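Chemist: mmCIF, C-alpha atoms and all ligand atoms, saved as upload_35.cif, coming up:
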```cif
data_start
#
loop_
_atom_site.label_atom_id
_atom_site.label_comp_id
_atom_site.auth_asym_id
_atom_site.auth_seq_id
_atom_site.Cartn_x
_atom_site.Cartn_y
_atom_site.Cartn_z
CA MET A 10 56.83 41.70 18.58
CA LEU A 11 53.15 42.59 19.07
CA ASP A 12 53.60 46.02 17.55
CA GLY A 13 50.30 47.42 16.32
CA LYS A 14 48.31 44.30 17.27
CA ARG A 15 44.90 45.11 18.71
CA ILE A 16 43.68 42.98 21.60
CA LEU A 17 40.18 43.11 23.01
CA LEU A 18 40.53 41.79 26.56
CA ILE A 19 37.45 40.56 28.39
CA ILE A 20 37.92 40.27 32.14
CA SER A 21 35.27 38.19 33.89
CA GLY A 22 34.88 37.42 37.58
CA GLY A 23 37.63 35.46 39.30
CA ILE A 24 40.46 35.97 41.73
CA ALA A 25 42.82 35.40 38.76
CA ALA A 26 41.79 38.79 37.34
CA TYR A 27 44.83 40.25 39.13
CA LYS A 28 47.04 38.28 36.73
CA THR A 29 45.26 39.98 33.83
CA LEU A 30 46.55 43.34 35.04
CA ASP A 31 50.08 42.00 34.65
CA LEU A 32 49.15 40.70 31.19
CA ILE A 33 47.95 44.18 30.12
CA ARG A 34 51.30 45.67 31.21
CA ARG A 35 53.25 43.04 29.25
CA LEU A 36 51.09 43.43 26.13
CA LYS A 37 51.56 47.19 26.22
CA GLU A 38 55.33 46.81 26.64
CA ARG A 39 55.37 44.78 23.42
CA GLY A 40 53.53 47.45 21.48
CA ALA A 41 49.99 46.02 21.48
CA THR A 42 46.85 48.12 21.91
CA VAL A 43 44.61 46.75 24.65
CA ARG A 44 40.95 47.62 25.00
CA ALA A 45 39.26 46.02 27.97
CA ILE A 46 35.71 45.00 28.79
CA LEU A 47 35.17 44.41 32.49
CA THR A 48 32.16 42.28 33.43
CA LYS A 49 30.20 42.93 36.62
CA GLY A 50 31.95 39.95 38.20
CA GLY A 51 35.32 41.13 36.94
CA ALA A 52 34.81 44.52 38.58
CA GLN A 53 34.53 42.72 41.95
CA PHE A 54 38.16 41.69 41.63
CA VAL A 55 39.93 44.53 39.77
CA THR A 56 38.89 48.15 39.48
CA PRO A 57 38.10 49.92 36.21
CA LEU A 58 40.65 52.51 37.25
CA SER A 59 43.55 50.06 37.42
CA VAL A 60 42.59 48.49 34.07
CA ALA A 61 42.30 51.94 32.45
CA ALA A 62 45.58 53.12 33.95
CA LEU A 63 47.49 50.09 32.67
CA SER A 64 45.86 49.90 29.25
CA GLY A 65 45.86 53.64 28.67
CA GLU A 66 42.35 53.26 27.23
CA LYS A 67 38.81 53.73 28.43
CA VAL A 68 37.39 50.59 30.06
CA TYR A 69 34.06 49.37 28.69
CA GLN A 70 31.53 47.98 31.16
CA ASP A 71 27.99 48.76 30.21
CA LEU A 72 26.02 47.41 27.26
CA PHE A 73 23.55 50.25 27.37
CA SER A 74 25.88 53.11 28.19
CA LEU A 75 25.00 56.04 25.99
CA THR A 76 28.52 57.40 26.15
CA ASP A 77 30.06 54.05 25.22
CA GLU A 78 27.59 53.60 22.39
CA SER A 79 28.20 57.05 20.98
CA GLU A 80 31.98 56.71 21.23
CA MET A 81 32.24 53.10 20.18
CA GLY A 82 29.36 50.67 19.59
CA HIS A 83 29.75 47.13 20.88
CA ILE A 84 29.90 45.83 17.31
CA ARG A 85 32.83 48.07 16.45
CA LEU A 86 34.50 47.20 19.73
CA SER A 87 34.32 43.52 18.83
CA ARG A 88 35.48 44.03 15.24
CA GLU A 89 38.31 46.48 15.77
CA ALA A 90 40.57 43.86 17.28
CA ASP A 91 42.91 41.26 15.84
CA LEU A 92 42.27 38.87 18.72
CA VAL A 93 39.76 38.66 21.56
CA VAL A 94 41.20 37.33 24.82
CA VAL A 95 38.94 36.25 27.68
CA ALA A 96 40.98 36.15 30.91
CA PRO A 97 39.90 34.97 33.33
CA ALA A 98 37.12 33.03 31.62
CA SER A 99 34.72 31.97 34.38
CA ALA A 100 32.51 28.88 34.18
CA ASP A 101 29.51 31.20 34.00
CA LEU A 102 30.90 33.19 31.08
CA LEU A 103 31.79 29.99 29.19
CA ALA A 104 28.23 28.73 29.69
CA ARG A 105 26.80 32.00 28.44
CA MET A 106 29.13 31.99 25.43
CA ALA A 107 28.17 28.40 24.61
CA SER A 108 24.48 29.28 24.62
CA GLY A 109 24.98 32.44 22.61
CA LEU A 110 23.62 34.81 25.25
CA ALA A 111 24.08 38.52 24.76
CA ASP A 112 22.84 39.99 28.00
CA ASP A 113 25.85 42.13 28.87
CA LEU A 114 28.61 43.90 27.00
CA ALA A 115 31.08 40.97 27.24
CA THR A 116 28.69 38.33 25.83
CA THR A 117 27.36 40.75 23.22
CA ALA A 118 30.86 41.53 21.97
CA LEU A 119 31.72 37.81 21.95
CA LEU A 120 28.61 37.02 19.94
CA ALA A 121 29.21 39.86 17.50
CA THR A 122 32.90 39.33 16.90
CA ASP A 123 34.29 37.90 13.68
CA LYS A 124 37.75 37.57 15.21
CA PRO A 125 39.43 34.58 16.87
CA VAL A 126 38.78 34.20 20.58
CA LEU A 127 41.35 32.88 23.07
CA ILE A 128 40.15 31.92 26.54
CA ALA A 129 42.05 31.38 29.76
CA PRO A 130 39.64 29.52 32.04
CA ALA A 131 39.82 29.98 35.81
CA MET A 132 37.52 28.24 38.25
CA ASN A 133 37.21 25.74 41.07
CA VAL A 134 38.38 22.22 40.24
CA GLU A 135 34.89 20.69 40.56
CA MET A 136 33.37 23.43 38.41
CA TRP A 137 36.03 22.71 35.80
CA ALA A 138 35.41 18.95 35.93
CA ASN A 139 31.63 19.32 35.85
CA PRO A 140 30.17 17.73 32.69
CA ALA A 141 28.23 20.94 32.05
CA THR A 142 31.45 22.98 31.86
CA GLN A 143 33.19 20.30 29.81
CA ALA A 144 30.25 20.13 27.37
CA ASN A 145 30.25 23.93 27.02
CA LEU A 146 33.96 23.87 26.36
CA ALA A 147 33.70 21.07 23.78
CA LEU A 148 31.03 23.05 21.96
CA LEU A 149 33.08 26.25 22.00
CA GLU A 150 36.22 24.45 20.83
CA ALA A 151 34.28 22.80 18.01
CA ARG A 152 33.38 26.34 16.94
CA GLY A 153 37.09 27.18 16.74
CA LEU A 154 37.67 28.91 20.04
CA LEU A 155 41.30 28.76 21.25
CA ARG A 156 42.19 27.90 24.83
CA VAL A 157 45.18 28.12 27.14
CA GLY A 158 45.02 26.31 30.48
CA PRO A 159 43.76 25.97 33.08
CA ALA A 160 46.87 25.00 35.03
CA GLU A 161 46.91 22.61 37.97
CA GLY A 162 47.75 23.66 41.50
CA ASP A 163 46.40 25.20 44.67
CA LEU A 164 43.22 27.12 44.05
CA ALA A 165 41.99 30.20 45.86
CA CYS A 166 39.14 28.15 47.33
CA GLY A 167 41.62 25.90 49.16
CA GLU A 168 41.22 22.91 46.84
CA THR A 169 43.86 21.53 44.52
CA GLY A 170 43.66 20.44 40.86
CA PRO A 171 43.08 21.91 37.42
CA GLY A 172 41.31 25.25 37.48
CA ARG A 173 44.01 27.89 38.01
CA MET A 174 44.30 30.48 35.29
CA VAL A 175 47.71 30.21 33.61
CA GLU A 176 50.29 32.84 34.53
CA ALA A 177 50.38 36.11 32.59
CA THR A 178 53.65 35.06 30.93
CA ASP A 179 52.05 31.82 29.62
CA LEU A 180 49.07 33.71 28.32
CA LEU A 181 51.40 36.20 26.67
CA SER A 182 53.29 33.33 24.97
CA ALA A 183 49.99 31.90 23.68
CA ILE A 184 49.08 35.33 22.26
CA GLU A 185 52.51 35.65 20.65
CA ARG A 186 52.21 32.14 19.19
CA PHE A 187 48.85 33.09 17.73
CA PHE A 188 50.35 36.06 15.91
CA GLU A 189 53.37 34.03 14.77
CA ARG A 190 51.32 31.27 13.14
CA PRO A 191 52.20 30.76 9.48
CA THR A 192 49.82 32.61 7.20
CA PRO A 193 51.09 31.75 3.71
CA LEU A 194 47.79 32.83 2.12
CA ARG A 195 47.87 36.30 3.66
CA GLY A 196 46.98 38.89 1.07
CA ARG A 197 44.97 36.45 -1.05
CA ARG A 198 41.19 36.50 -1.30
CA ALA A 199 39.26 33.22 -1.26
CA LEU A 200 35.63 32.47 -2.03
CA VAL A 201 34.03 29.23 -0.86
CA THR A 202 30.49 28.02 -1.52
CA SER A 203 28.89 25.56 0.86
CA GLY A 204 25.68 23.79 1.79
CA PRO A 205 22.64 23.05 -0.29
CA THR A 206 20.38 25.60 -1.94
CA HIS A 207 16.60 25.72 -1.53
CA GLU A 208 14.57 26.28 -4.68
CA PRO A 209 11.03 27.35 -3.76
CA ILE A 210 8.03 25.46 -5.10
CA ASP A 211 5.60 27.75 -3.28
CA PRO A 212 5.88 29.87 -0.10
CA VAL A 213 6.33 26.81 2.14
CA ARG A 214 7.90 24.07 -0.01
CA TYR A 215 11.23 23.77 -1.74
CA LEU A 216 13.53 21.44 -3.68
CA SER A 217 16.86 20.71 -2.04
CA ASN A 218 19.32 17.94 -1.15
CA ARG A 219 20.96 16.39 1.91
CA SER A 220 24.18 18.44 1.89
CA SER A 221 25.18 19.46 5.45
CA GLY A 222 27.72 22.15 4.53
CA LYS A 223 30.36 20.45 6.72
CA GLN A 224 32.96 20.15 3.96
CA GLY A 225 32.57 23.65 2.55
CA HIS A 226 32.59 25.27 5.97
CA ALA A 227 35.72 23.30 6.92
CA ILE A 228 37.49 24.48 3.75
CA ALA A 229 36.61 28.11 4.43
CA GLY A 230 37.95 27.76 7.98
CA ALA A 231 41.19 26.12 6.79
CA LEU A 232 41.88 28.84 4.19
CA ALA A 233 41.15 31.58 6.71
CA ARG A 234 43.50 30.01 9.28
CA LEU A 235 46.25 30.16 6.67
CA GLY A 236 45.67 33.89 6.31
CA ALA A 237 43.38 34.10 3.25
CA GLU A 238 40.71 36.78 3.42
CA THR A 239 37.85 34.32 3.11
CA VAL A 240 34.19 34.76 2.27
CA LEU A 241 31.83 31.83 2.62
CA VAL A 242 28.67 31.97 0.52
CA THR A 243 26.43 29.38 2.08
CA GLY A 244 23.00 27.96 1.55
CA PRO A 245 20.87 27.03 4.57
CA THR A 246 22.85 24.80 6.98
CA ARG A 247 23.20 24.13 10.69
CA GLN A 248 26.95 24.70 10.62
CA ALA A 249 28.46 27.36 12.87
CA PRO A 250 30.27 30.09 10.95
CA PRO A 251 33.99 29.24 10.98
CA PRO A 252 36.25 31.70 12.83
CA LEU A 253 37.90 34.45 10.73
CA VAL A 254 35.49 33.86 7.85
CA ARG A 255 32.98 36.40 6.51
CA VAL A 256 29.69 34.62 5.86
CA ARG A 257 27.05 35.50 3.27
CA ALA A 258 23.91 33.46 3.76
CA VAL A 259 21.81 32.79 0.67
CA THR A 260 18.90 30.53 -0.15
CA THR A 261 18.64 29.86 -3.88
CA ALA A 262 21.18 29.08 -6.63
CA GLU A 263 20.43 32.47 -8.22
CA GLU A 264 21.24 34.23 -4.96
CA MET A 265 24.40 32.17 -4.53
CA LEU A 266 25.58 33.12 -8.01
CA ALA A 267 24.84 36.81 -7.42
CA ALA A 268 26.72 36.77 -4.09
CA CYS A 269 29.70 34.98 -5.68
CA GLU A 270 29.89 37.38 -8.62
CA ASP A 271 29.62 40.28 -6.20
CA GLU A 272 32.72 38.99 -4.35
CA LEU A 273 34.93 38.90 -7.47
CA PRO A 274 37.79 39.40 -7.93
CA VAL A 275 39.18 36.61 -5.76
CA GLU A 276 42.25 34.47 -6.37
CA ILE A 277 40.87 31.21 -5.04
CA ALA A 278 37.34 29.86 -5.58
CA VAL A 279 36.22 26.58 -4.05
CA CYS A 280 32.73 25.49 -5.05
CA ALA A 281 31.79 22.96 -2.41
CA ALA A 282 28.08 23.80 -2.39
CA ALA A 283 25.60 21.16 -3.50
CA VAL A 284 23.68 23.62 -5.62
CA ALA A 285 20.25 22.33 -6.60
CA ASP A 286 20.46 21.53 -10.30
CA TRP A 287 16.87 22.40 -11.11
CA ARG A 288 14.34 24.91 -9.86
CA PRO A 289 10.61 25.16 -10.48
CA VAL A 290 9.87 27.49 -13.36
CA THR A 291 7.10 29.25 -11.50
CA ARG A 292 6.82 30.17 -7.85
CA PRO A 293 3.21 30.85 -6.91
CA ASN A 294 2.60 33.37 -4.14
CA GLN A 295 0.05 31.10 -2.49
CA LYS A 296 0.56 27.62 -1.05
CA LEU A 297 -0.36 24.93 -3.59
CA LYS A 298 -3.62 23.25 -2.57
CA LYS A 299 -4.03 19.50 -2.24
CA ASP A 300 -7.46 19.44 -3.85
CA GLY A 301 -7.64 17.96 -7.34
CA GLU A 302 -4.78 16.41 -9.30
CA PRO A 303 -1.23 16.50 -7.88
CA PRO A 304 0.57 19.44 -9.48
CA MET A 305 3.11 18.86 -12.23
CA LEU A 306 6.37 20.60 -11.45
CA GLU A 307 7.98 22.11 -14.49
CA LEU A 308 11.70 22.51 -13.81
CA GLN A 309 14.48 24.51 -15.36
CA GLU A 310 18.22 24.37 -14.80
CA THR A 311 19.81 26.64 -12.19
CA PRO A 312 22.87 28.66 -13.17
CA ASP A 313 26.11 26.68 -12.86
CA ILE A 314 28.14 28.80 -10.47
CA LEU A 315 31.34 26.79 -10.86
CA ALA A 316 31.20 27.02 -14.67
CA ARG A 317 30.39 30.72 -14.50
CA LEU A 318 33.35 31.45 -12.21
CA SER A 319 35.64 29.42 -14.49
CA ALA A 320 34.46 31.46 -17.47
CA ALA A 321 34.66 34.85 -15.77
CA GLY A 322 37.27 36.13 -18.26
CA PRO A 323 39.64 38.66 -16.74
CA ARG A 324 37.85 38.25 -13.41
CA ARG A 325 38.40 34.47 -13.37
CA PRO A 326 39.95 33.38 -10.07
CA LYS A 327 43.51 32.09 -10.54
CA LEU A 328 42.51 28.76 -9.05
CA VAL A 329 38.98 27.38 -9.47
CA ILE A 330 38.16 24.19 -7.60
CA GLY A 331 35.00 22.11 -7.83
CA PHE A 332 33.54 19.02 -6.23
CA ALA A 333 31.95 16.14 -8.09
CA ALA A 334 29.53 14.21 -5.97
CA GLU A 335 28.79 10.98 -7.83
CA THR A 336 27.03 7.73 -7.17
CA GLU A 337 28.52 5.80 -10.14
CA SER A 338 31.55 5.89 -12.47
CA LEU A 339 33.03 8.32 -9.98
CA VAL A 340 36.37 9.25 -11.53
CA ALA A 341 35.28 9.15 -15.19
CA ASN A 342 32.28 11.38 -14.47
CA ALA A 343 34.38 13.75 -12.39
CA GLU A 344 37.05 14.05 -15.10
CA ALA A 345 34.37 14.83 -17.67
CA LYS A 346 32.88 17.39 -15.29
CA ARG A 347 36.26 19.08 -14.79
CA ALA A 348 36.68 19.43 -18.53
CA ARG A 349 33.11 20.64 -19.09
CA LYS A 350 33.13 23.19 -16.29
CA GLU A 351 36.72 24.25 -17.06
CA CYS A 352 37.83 24.33 -13.47
CA ASP A 353 41.43 23.67 -12.44
CA TRP A 354 40.97 20.99 -9.81
CA MET A 355 38.08 18.65 -9.08
CA LEU A 356 37.56 16.70 -5.88
CA ALA A 357 35.47 13.64 -6.65
CA ASN A 358 33.60 11.91 -3.84
CA ASP A 359 31.21 9.02 -3.65
CA VAL A 360 27.84 10.07 -2.26
CA SER A 361 25.97 6.80 -2.75
CA ASP A 362 23.76 5.75 0.17
CA ASP A 363 26.27 3.42 1.81
CA SER A 364 29.22 5.87 1.55
CA GLY A 365 27.91 7.93 4.52
CA THR A 366 29.47 11.05 2.94
CA LEU A 367 26.36 13.23 2.78
CA GLY A 368 25.85 14.65 6.27
CA GLY A 369 28.63 12.44 7.69
CA ASP A 370 32.03 13.45 9.09
CA LEU A 371 34.23 11.45 6.73
CA ASN A 372 35.07 11.89 3.08
CA THR A 373 36.99 9.83 0.53
CA ILE A 374 38.38 12.04 -2.20
CA HIS A 375 39.86 11.37 -5.62
CA PHE A 376 41.80 14.50 -6.43
CA ILE A 377 41.83 15.37 -10.13
CA SER A 378 44.13 18.05 -11.52
CA PRO A 379 45.96 18.60 -14.82
CA ASP A 380 48.76 16.48 -13.28
CA GLY A 381 46.56 13.40 -12.92
CA ILE A 382 44.52 11.65 -10.26
CA GLU A 383 45.44 11.08 -6.61
CA ASP A 384 43.37 8.82 -4.38
CA TRP A 385 43.29 10.30 -0.89
CA PRO A 386 42.65 8.04 2.11
CA THR A 387 39.28 8.26 3.84
CA GLN A 388 39.66 11.09 6.35
CA SER A 389 37.60 13.59 8.29
CA LYS A 390 36.14 16.52 6.38
CA ASP A 391 38.39 18.78 8.48
CA ALA A 392 41.43 16.79 7.35
CA VAL A 393 40.26 16.98 3.70
CA ALA A 394 40.01 20.75 4.14
CA ASP A 395 43.54 20.98 5.56
CA THR A 396 44.96 18.77 2.79
CA LEU A 397 43.30 20.90 0.12
CA ALA A 398 44.41 24.15 1.80
CA ASP A 399 48.02 22.86 1.88
CA LEU A 400 47.83 22.06 -1.85
CA ILE A 401 46.53 25.56 -2.52
CA VAL A 402 49.46 27.02 -0.57
CA ALA A 403 51.90 24.82 -2.52
CA HIS A 404 50.28 25.88 -5.79
CA PHE A 405 50.84 29.56 -5.09
CA GLN A 406 54.28 29.02 -3.55
CA GLY A 407 55.29 27.04 -6.62
CA GLY A 408 54.90 30.26 -8.56
CA ALA A 409 51.79 29.10 -10.41
CA GLY A 410 49.54 32.09 -10.71
CA ALA A 411 51.43 33.88 -7.94
O1 LIG A 501 27.17 19.18 -12.06
P1 LIG A 501 27.37 18.93 -10.62
O2 LIG A 501 26.30 19.51 -9.74
O3 LIG A 501 27.65 17.50 -10.25
O4 LIG A 501 28.74 19.69 -10.28
C1 LIG A 501 29.26 19.78 -9.02
C2 LIG A 501 30.15 20.96 -8.91
O5 LIG A 501 29.60 22.10 -9.56
C3 LIG A 501 30.33 21.41 -7.47
O6 LIG A 501 31.60 22.02 -7.35
C4 LIG A 501 29.21 22.40 -7.31
O7 LIG A 501 29.49 23.33 -6.26
C5 LIG A 501 29.19 23.08 -8.65
N1 LIG A 501 27.87 23.55 -9.08
C6 LIG A 501 27.61 24.90 -9.13
N2 LIG A 501 26.39 25.35 -9.57
C7 LIG A 501 25.44 24.48 -9.97
C8 LIG A 501 25.68 23.10 -9.92
C9 LIG A 501 26.92 22.67 -9.46
O8 LIG A 501 28.48 25.68 -8.76
N3 LIG A 501 24.28 24.94 -10.39
#
```
As structure tokens, please, write out the structure in this file.
Ligand code: C5P

Modeler:
Amino acid sequence: MLDGKRILLIISGGIAAYKTLDLIRRLKERGATVRAILTKGGAQFVTPLSVAALSGEKVYQDLFSLTDESEMGHIRLSREADLVVVAPASADLLARMASGLADDLATTALLATDKPVLIAPAMNVEMWANPATQANLALLEARGLLRVGPAEGDLACGETGPGRMVEATDLLSAIERFFERPTPLRGRRALVTSGPTHEPIDPVRYLSNRSSGKQGHAIAGALARLGAETVLVTGPTRQAPPPLVRVRAVTTAEEMLAACEDELPVEIAVCAAAVADWRPVTRPNQKLKKDGEPPMLELQETPDILARLSAAGPRRPKLVIGFAAETESLVANAEAKRARKECDWMLANDVSDDSGTLGGDLNTIHFISPDGIEDWPTQSKDAVADTLADLIVAHFQGGAGA
């Protein structure tokens, strides 16, 4: 069932760590490979020897261990896994994960990993209920972290309520469910662009727009969840990198184009970036001075990445999808844009001031394909991403371009 699956297990401090030993045994029985990181707190509850004996692997404990680093760096440790499981996940470890600390091997591996993370919290009921813990958890879940439990019941501290780590069998079921999830895009490569670009005027100023990157990042996350090997080429944004997605950060339209072309061939390309349409012709090395007349900015067009991908000849992705952000004549402009840029599908959205789309959480899409136009209801950008990802799955399952 879990044959060949690689689990990186992080054991932090908590009486529930004894259940994790049982989990290791069960994972091994099902054919998984288990590598374990034991935090300082974790080592107060279970010994490295018992973890090593059950997992059949060396146990990793020390961020600065020369032997660990020469055998297996913490980056490799965090990457050579299909799933990272944190059990028990203490309130302290959750807080350190939420703030992005990397002051021991466990937090460093968690910060460096590009793999999904499943946590099994275990703590006192009041610690669990504390707004600080709940805020940390909300932040981590918004970044795509998966969670099982805690369960309710008698706690080791004598109190009763939610806070118990789930039983090893429940955690095992959650891990099995994770590996059983449908991945209809497995084996397909997807490229998504997101965010704005910055086109430098001088070393400190640039031309850009108000794109937040929310929609593009959500699409990359949705495709990756469905099994696509996804790369997100993104301009400067505040969005967290979606789980399972490889991110290439760029600044200008030129850089975005180069990164996209470098990623070809892909089967699916979604251009959700709000690429700046113009860039200053010159980029002085010194900051423009305010003395004298205001400077005249001479602009030239940036490369059209969507059009270039659509015209990539034999390297053209099987499905090229663009966005048309419009403030007037939405559908007519978007249809004309689809024809001009020769993409397969176009998602038209209204970005006028009162639409709230730019930077907001909601989006109202008119979906334009060779089959016609569909008006989608106003929905969250995450829901738009899931709807689009489902259409992409249906497109390939329907045999088109399969
Ligand atoms: O022409 P316009 O900017 O409205 O087109 C929007 C669509 O084209 C989006 O999919 C956007 O990502 C893409 N685009 C691009 N490169 C540009 C301009 C737009 O990929 N330079």

Chemist: Compile a residue-level contact table for chain A against ligand LIG 501 (chain A) at a cut-off of 7 Å, reporting for every qualifying residue the shortest atom pair and its distance in Å to one decimal, with only C-alpha atoms and all ligand atoms counted, rows ordered by chain and ascending number, as a Markdown table.

Modeler:
```
| residue | atom | partner | partner_atom | distance |
| --- | --- | --- | --- | --- |
| A:Thr202 | CA | A:LIG501 | O7 | 6.7 |
| A:Ala262 | CA | A:LIG501 | N3 | 6.4 |
| A:Cys280 | CA | A:LIG501 | O7 | 4.1 |
| A:Ala281 | CA | A:LIG501 | O7 | 4.5 |
| A:Ala282 | CA | A:LIG501 | O7 | 4.1 |
| A:Ala283 | CA | A:LIG501 | O7 | 5.2 |
| A:Val284 | CA | A:LIG501 | C7 | 4.8 |
| A:Ala285 | CA | A:LIG501 | N3 | 6.1 |
| A:Asp286 | CA | A:LIG501 | N3 | 5.1 |
| A:Thr311 | CA | A:LIG501 | N3 | 5.1 |
| A:Pro312 | CA | A:LIG501 | N3 | 4.9 |
| A:Asp313 | CA | A:LIG501 | N3 | 3.5 |
| A:Ile314 | CA | A:LIG501 | O8 | 3.6 |
| A:Leu315 | CA | A:LIG501 | O8 | 3.7 |
| A:Ala316 | CA | A:LIG501 | O8 | 6.6 |
| A:Ile330 | CA | A:LIG501 | O6 | 6.9 |
| A:Gly331 | CA | A:LIG501 | O6 | 3.4 |
| A:Phe332 | CA | A:LIG501 | O6 | 3.7 |
| A:Ala333 | CA | A:LIG501 | C1 | 4.6 |
| A:Ala334 | CA | A:LIG501 | O3 | 5.7 |
| A:Lys346 | CA | A:LIG501 | O1 | 6.8 |
```

Chemist: Could you write out that same residue set with C-alpha atoms as a PDB file, in the coordinates of the input?

Modeler:
```
ATOM      1  CA  THR A 202      30.490  28.020  -1.520  1.00  0.00           C
ATOM      2  CA  ALA A 262      21.180  29.080  -6.630  1.00  0.00           C
ATOM      3  CA  CYS A 280      32.730  25.490  -5.050  1.00  0.00           C
ATOM      4  CA  ALA A 281      31.790  22.960  -2.410  1.00  0.00           C
ATOM      5  CA  ALA A 282      28.080  23.800  -2.390  1.00  0.00           C
ATOM      6  CA  ALA A 283      25.600  21.160  -3.500  1.00  0.00           C
ATOM      7  CA  VAL A 284      23.680  23.620  -5.620  1.00  0.00           C
ATOM      8  CA  ALA A 285      20.250  22.330  -6.600  1.00  0.00           C
ATOM      9  CA  ASP A 286      20.460  21.530 -10.300  1.00  0.00           C
ATOM     10  CA  THR A 311      19.810  26.640 -12.190  1.00  0.00           C
ATOM     11  CA  PRO A 312      22.870  28.660 -13.170  1.00  0.00           C
ATOM     12  CA  ASP A 313      26.110  26.680 -12.860  1.00  0.00           C
ATOM     13  CA  ILE A 314      28.140  28.800 -10.470  1.00  0.00           C
ATOM     14  CA  LEU A 315      31.340  26.790 -10.860  1.00  0.00           C
ATOM     15  CA  ALA A 316      31.200  27.020 -14.670  1.00  0.00           C
ATOM     16  CA  ILE A 330      38.160  24.190  -7.600  1.00  0.00           C
ATOM     17  CA  GLY A 331      35.000  22.110  -7.830  1.00  0.00           C
ATOM     18  CA  PHE A 332      33.540  19.020  -6.230  1.00  0.00           C
ATOM     19  CA  ALA A 333      31.950  16.140  -8.090  1.00  0.00           C
ATOM     20  CA  ALA A 334      29.530  14.210  -5.970  1.00  0.00           C
ATOM     21  CA  LYS A 346      32.880  17.390 -15.290  1.00  0.00           C
TER      22      LYS A 346
END
```

Chemist: Quick one: pull the distance between atom CA of Leu154 of chain A and atom CA of Gly109 of chain A, Å, one decimal.

Modeler: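 Distance reported for this atom pair: 13.4 Å.
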
Chemist: Quick one: 3 Å padding each side, axis-aligned, all listed atoms of segment 362-380 of chain A - centre and edge lengths in Å to one decimal, as AutoDock Vina command-line options?

Modeler:
```
--center_x 36.3 --center_y 11.0 --center_z -2.9 --size_x 31.0 --size_y 21.2 --size_z 29.9
```

Chemist: Just the residues within 12 Å of Met355 of chain A, please, counting only C-alpha atoms, with nothing from its chain fewer than 3 positions along; format it as an MDAnalysis selection string.

Modeler: chainID A and resid 278:281 315 328:334 339:352 358 374:383 397

Chemist: What's the 7 Å shell around Val43 of chain A, counting all atoms listed in the file, without same-chain residues fewer than 3 positions away, as a ChimeraX atom specification?

Modeler: /A:15-18,33,64

Chemist: Put those residues in a file: C-alpha atoms, as a PDB file, keeping the file's coordinate frame.

Modeler:
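Output contents, as saved in selection_17.pdb:
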```pdb
ATOM      1  CA  ARG A  15      44.900  45.110  18.710  1.00  0.00           C
ATOM      2  CA  ILE A  16      43.680  42.980  21.600  1.00  0.00           C
ATOM      3  CA  LEU A  17      40.180  43.110  23.010  1.00  0.00           C
ATOM      4  CA  LEU A  18      40.530  41.790  26.560  1.00  0.00           C
ATOM      5  CA  ILE A  33      47.950  44.180  30.120  1.00  0.00           C
ATOM      6  CA  SER A  64      45.860  49.900  29.250  1.00  0.00           C
TER       7      SER A  64
END
```

Chemist: Show me, as a ChimeraX atom specification, the residues that have an atom within 12 Å of Ser361 of chain A when counting all atoms listed in the file, minus same-chain residues fewer than 4 positions from it.

Modeler: /A:219,334-339,365-368,372-373

Chemist: Between A:Val157, A:Gly50, A:Asp71, A:Arg214, which has the minimum distance to Ser182 of chain A (counting only C-alpha atoms)?

Modeler: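 Nearest candidate to Ser182 of chain A out of A:Val157, A:Gly50, A:Asp71, A:Arg214: A:Val157.
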
Chemist: Between segment 111-165 of chain A and segment 220-238 of chain A, at 12 Å or less, what are the per-residue closest atom pairs and their distances in Å? Count all atoms listed in the file, order by chain and rising residue number, and return it as a Markdown table.

Modeler:
```
| residue | atom | partner | partner_atom | distance |
| --- | --- | --- | --- | --- |
| A:Asp123 | CA | A:Ala233 | CA | 11.6 |
| A:Lys124 | CA | A:Ala233 | CA | 10.9 |
| A:Pro125 | CA | A:Arg234 | CA | 9.7 |
| A:Ala151 | CA | A:Ala227 | CA | 11.2 |
| A:Arg152 | CA | A:Gly230 | CA | 10.2 |
| A:Gly153 | CA | A:Gly230 | CA | 8.8 |
```

Chemist: Have a look at A:Thr178, A:Gln406, A:Thr291, A:Thr117 and name the one nearest to Gln70 of chain A; count only C-alpha atoms.

Modeler: A:Thr117

Chemist: What gap, in Å, lies between atom CA of Gln248 of chain A and atom CA of Pro205 of chain A?

Modeler: 11.8 Å

Chemist: Looking at A:Thr142, A:Asn218, A:Thr260, A:Gln295, which one is nearest to Pro130 of chain A, with distances taken over all atoms listed in the file?

Modeler: A:Thr142

Chemist: What's the separation between atom CA of Glu66 of chain A and atom CA of Arg44 of chain A, in Å to one decimal place?

Modeler: 6.2 Å

Chemist: List the spatial neighbours of segment 19-24 of chain A as a CSV table (one decimal) with C-alpha atoms, in the frame of the given file - criterion: any atom at most 8 Å away, only C-alpha atoms, same-chain residues fewer than 6 positions off excluded.

Modeler:
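Saved file result.csv follows:
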```csv
chain,number,residue,atom,x,y,z
A,45,ALA,CA,39.3,46.0,28.0
A,46,ILE,CA,35.7,45.0,28.8
A,47,LEU,CA,35.2,44.4,32.5
A,48,THR,CA,32.2,42.3,33.4
A,49,LYS,CA,30.2,42.9,36.6
A,50,GLY,CA,32.0,40.0,38.2
A,51,GLY,CA,35.3,41.1,36.9
A,52,ALA,CA,34.8,44.5,38.6
A,53,GLN,CA,34.5,42.7,42.0
A,54,PHE,CA,38.2,41.7,41.6
A,93,VAL,CA,39.8,38.7,21.6
A,94,VAL,CA,41.2,37.3,24.8
A,95,VAL,CA,38.9,36.2,27.7
A,96,ALA,CA,41.0,36.2,30.9
A,97,PRO,CA,39.9,35.0,33.3
A,98,ALA,CA,37.1,33.0,31.6
A,99,SER,CA,34.7,32.0,34.4
A,102,LEU,CA,30.9,33.2,31.1
A,115,ALA,CA,31.1,41.0,27.2
A,131,ALA,CA,39.8,30.0,35.8
A,132,MET,CA,37.5,28.2,38.2
A,165,ALA,CA,42.0,30.2,45.9
```
